[in-house]
Structures are given as structure tokens and as C-alpha cells.
Amino acid sequence: MSTTPFEQLANLDRTVHDPARLAILTALSACERADFLFLQRITGLTKGNLSSHLSKLEEAGLVEIEKRFVEKKTQTLVRLSDSGRKTIESYWQEIEALRKSATGWRSQNAALALA
Amino acid sequence: METRDLDRIRFVTRHFHSLQGLRHLVPLGLITLSAVAWLTRGPLLLLGAVALPGAVLLMLGARRYYRNFGLAEPRQAAHPAAEPVCVSIYRSTGPAPWLESSPSPISTLQRTLLLIALAPALYLLFQNIIAPPWVTFPSGTTVPRPIEWHAFGTFPSLLLYALHGSLLLSIWWLQERRLSQSHHLGLGVLLLGFSALSLPPWAAPLLCGSAMILAGLLDHGRLVRALRQPPAALEEDQP
């Protein structure tokens, strides 16, 4: 069954496709784990916004959050869960398929317009 | 958010430790630079004035980066993840044939051997450009150049150029050979080139130290720029 690029786009995982959450997951996929401050600096999100996005990702089972005390301060460490790694991997594969499909669709339509 | 923002996020996170110039390259450069004072029989105060900030940065650099930018632990090889590094939307040249989690076409051993071979190869190249191993007389006769034994006295300088040059080249290689990080390539090649010139012994620590400091400051600048201002689009977005 062939699907149009628009259908593929609509089927993308919304939890991952959101720009802020994609930024967080991209950062986490490039490291073993990161703390809240680093994620805040690298994504440019406010504390509240980042906290809210992390809660959503944790609810979806994509990240694991660990809190510990360092020098009498709470440190929040975030890492991608196994499911999160698989989800982000499959997301990039879908994006790649979407790009190919969109290129094919565009050239197909151009040929139809010329005919 | 644009794809280049994601690329910046991925690159800076992945190379967070090696981009900490004030923690690694600048202290190394300052300590190397302090050897100039020692070689020129300069005052001990000058030696201390250069080496001390290097030692302080070496001890406190990690803490400073942790406090300002937080923590991102490097990824372990046992847990590979598909990064968007090779996805075609990040590359103007189109799709790449492999994903990050797939085996790389160049193994770590091959990369290491290439790096080890690169330094002497470049040294020999520069050496032969400046002083070819043959002498041609006006009559047209060519004879091998006699061995200049006194040149072996400059071995420590050559070693310094080779070590620092190779280090900068390997950093450039490990940081994905990016155009934005090409200062490592430029400085590394320059240092290996200097090894072929007949410079005084004190020039080696001066040039190597300065190159390290410059590379470290540029890396630090890159990190500060990347972790400074939030992209406006992300701020507007609500979960």
C-alpha cells in the first residue's frame, strides 16, 4: 500500500515531532545522560518549559529521570530509555522515507503537469 | 527550529568535553609556552607567570564548565543510538548510505593508523619541499644530499611539533572533520610545516603553545556561542 507524503507526515509520532522535544531527544541521543542545566542551555528552553517537556517525555516512556544531591543541591539527570532510543531511531528513518517519498511525489506531479 | 539547530545541538552535545578549550588545550598551551622561558634562560618569574595560570585552569577548568554549562556524559560505545548525523536532511549532498548505529566504513584501528601515518608523511613532505634529499650542481649532476648530523640536535623540537601537530589533527578528525572546526586542521598542518624549517629551539614551544592556546580559545568560543542564546522558536512553543 503506497501512502502520500502528506499521510506519512500526519502519521509522524507527535511526541517526538514537536520541535522542543525533538531538540531534547537529539541532545540526549548524542550523550549517555545530561543534567537539567545542560539541556536548558543547549535547547534554549526556559526552566518551566523544559520541565514540562521532560514530564511529557517521561510519561511517554522515552526518557528516564534521576534526581540526586551534589554539593547540597539537587541534580536532575536525564537519559534516553531503551524505548526512547528505538523511537528516535525509527523517527529519523520515517523522516528519511518521507524525504524520499516527497521527492518522488514532486517529480511524478511535474511529469503529469507536462503531459 | 531549523535543521541546523538540531545539528548544532547534536554536535555540541557529542563533543561537549573536547570543546572545553579552557580545560584542555589552553592549559596545555600555557605549560608548553612556559618552556620558552626555561630554554631562553629567562627569569623564573616569567616561567611561573605563564605556567601558573595553566595549572590553575587545569585544576579548576572542569568545575567552571560544570557550573556554567552543566553536565553531558559522553556516550558509551555499548549503547549506540541512531543520531541524525547521517540523515540526508542534514546534508546538502543527499542521503548518506549508513546510519550512525551501523558499522562505520572506517574502523577505529584504521583511523588511528591513518593519524599516526599522517604526521610523518606531512613532515617528510614539508622537509622535501624545503630541503630535497638531493643536491643538483650547475653542471647538471645530481648527488644525494650528505647527512647533516647536527640536525639531530633539534630532535626535541621536532618531537614537540610532531606531537602538537598530530594532536590538533586528531582532534579535527575526531570532531567529524567539520569546516567549522578546521582551525585544528590549519594549525596542525602549520605546526608540522614548521618542523621542516630551521627555527631556533625556543621557537618550538612558543609556536606549539600559541597554537594550542588559539585552538582552545576558538573551541571555547564555539561552545559559549552554542550554549548562550536560545533559538526564539523554541521559547514560543508550549508543550
# chains A, B, ... in the order shown; residues from 1 in each chain; ligands from 1
$ interface_residues --of "chain A" --to "chain B" --cutoff "10 Å" --atoms "only C-alpha atoms" --output "count of residues only"
59
$ select_by_dssp --residues "region 62-100 of chain A" --states "alpha helix (DSSP H)" --output "ChimeraX atom specification"
/A:82-100
$ write_last_selection --atoms "N, CA and C atoms" --output "mmCIF file, in the first residue's frame"
data_model
loop_
_atom_site.group_PDB
_atom_site.id
_atom_site.type_symbol
_atom_site.label_atom_id
_atom_site.label_comp_id
_atom_site.auth_asym_id
_atom_site.auth_seq_id
_atom_site.Cartn_x
_atom_site.Cartn_y
_atom_site.Cartn_z
ATOM 1 N N ASP A 82 15.593 2.795 26.679
ATOM 2 C CA ASP A 82 15.777 1.909 25.513
ATOM 3 C C ASP A 82 14.684 2.154 24.485
ATOM 4 N N SER A 83 13.468 2.324 25.013
ATOM 5 C CA SER A 83 12.340 2.585 24.109
ATOM 6 C C SER A 83 12.535 3.941 23.417
ATOM 7 N N GLY A 84 13.065 4.909 24.163
ATOM 8 C CA GLY A 84 13.332 6.228 23.586
ATOM 9 C C GLY A 84 14.335 6.159 22.448
ATOM 10 N N ARG A 85 15.372 5.329 22.638
ATOM 11 C CA ARG A 85 16.395 5.189 21.588
ATOM 12 C C ARG A 85 15.786 4.588 20.324
ATOM 13 N N LYS A 86 14.922 3.573 20.542
ATOM 14 C CA LYS A 86 14.287 2.939 19.380
ATOM 15 C C LYS A 86 13.336 3.919 18.695
ATOM 16 N N THR A 87 12.615 4.691 19.508
ATOM 17 C CA THR A 87 11.637 5.634 18.942
ATOM 18 C C THR A 87 12.334 6.706 18.103
ATOM 19 N N ILE A 88 13.414 7.257 18.630
ATOM 20 C CA ILE A 88 14.102 8.329 17.891
ATOM 21 C C ILE A 88 14.749 7.765 16.619
ATOM 22 N N GLU A 89 15.233 6.526 16.737
ATOM 23 C CA GLU A 89 15.835 5.884 15.560
ATOM 24 C C GLU A 89 14.768 5.696 14.474
ATOM 25 N N SER A 90 13.606 5.204 14.897
ATOM 26 C CA SER A 90 12.557 4.954 13.910
ATOM 27 C C SER A 90 12.012 6.286 13.381
ATOM 28 N N TYR A 91 12.031 7.342 14.215
ATOM 29 C CA TYR A 91 11.588 8.669 13.764
ATOM 30 C C TYR A 91 12.478 9.161 12.613
ATOM 31 N N TRP A 92 13.806 9.026 12.775
ATOM 32 C CA TRP A 92 14.716 9.504 11.729
ATOM 33 C C TRP A 92 14.574 8.675 10.462
ATOM 34 N N GLN A 93 14.274 7.391 10.642
ATOM 35 C CA GLN A 93 14.055 6.559 9.441
ATOM 36 C C GLN A 93 12.774 6.994 8.716
ATOM 37 N N GLU A 94 11.742 7.337 9.488
ATOM 38 C CA GLU A 94 10.492 7.818 8.884
ATOM 39 C C GLU A 94 10.717 9.136 8.150
ATOM 40 N N ILE A 95 11.519 10.009 8.758
ATOM 41 C CA ILE A 95 11.819 11.307 8.133
ATOM 42 C C ILE A 95 12.559 11.078 6.808
ATOM 43 N N GLU A 96 13.485 10.113 6.851
ATOM 44 C CA GLU A 96 14.258 9.797 5.643
ATOM 45 C C GLU A 96 13.328 9.261 4.550
ATOM 46 N N ALA A 97 12.393 8.375 4.948
ATOM 47 C CA ALA A 97 11.437 7.812 3.990
ATOM 48 C C ALA A 97 10.523 8.905 3.440
ATOM 49 N N LEU A 98 10.160 9.824 4.331
ATOM 50 C CA LEU A 98 9.290 10.939 3.927
ATOM 51 C C LEU A 98 9.981 11.825 2.901
ATOM 52 N N ARG A 99 11.257 12.070 3.113
ATOM 53 C CA ARG A 99 12.017 12.904 2.173
ATOM 54 C C ARG A 99 12.055 12.259 0.799
ATOM 55 N N LYS A 100 12.313 10.950 0.791
ATOM 56 C CA LYS A 100 12.387 10.230 -0.490
ATOM 57 C C LYS A 100 11.025 10.235 -1.172
#
$ residues_around --residues "region 201-204 of chain B" --least-positions-apart "4" --cutoff "8 Å" --atoms "only C-alpha atoms" --output "MDAnalysis selection string"
chainID B and resid 35:36 39:40 154 157:158 160:161 208
$ atom_distance --atom1 "CA of Phe6 (chain A)" --atom2 "CA of Leu62 (chain A)"
25.6 Å
$ atom_distance --atom1 "CA of Arg23 (chain B)" --atom2 "CA of Lys47 (chain A)"
27.3 Å
$ atom_distance --atom1 "CA of His220 (chain B)" --atom2 "CA of Leu25 (chain B)"
9.7 Å
$ closest_residue --among "B:Glu176, B:Leu58, B:Ile31, B:Leu44" --to "Leu206 (chain B)" --atoms "only C-alpha atoms"
B:Ile31
$ closest_residue --among "B:Ser195, B:Met212, B:Thr142, B:Met59" --to "Pro156 (chain B)" --atoms "only C-alpha atoms"
B:Ser195
$ select_by_dssp --residues "chain A" --states "strand (DSSP E)" --output "list in words"
Arg33, Ala34, Asp35, Val63, Glu64, Ile65, Glu66, Lys67, Arg68, Phe69, Val70, Lys73, Thr74, Gln75, Thr76, Leu77, Val78, Arg79 and Leu80 of chain A
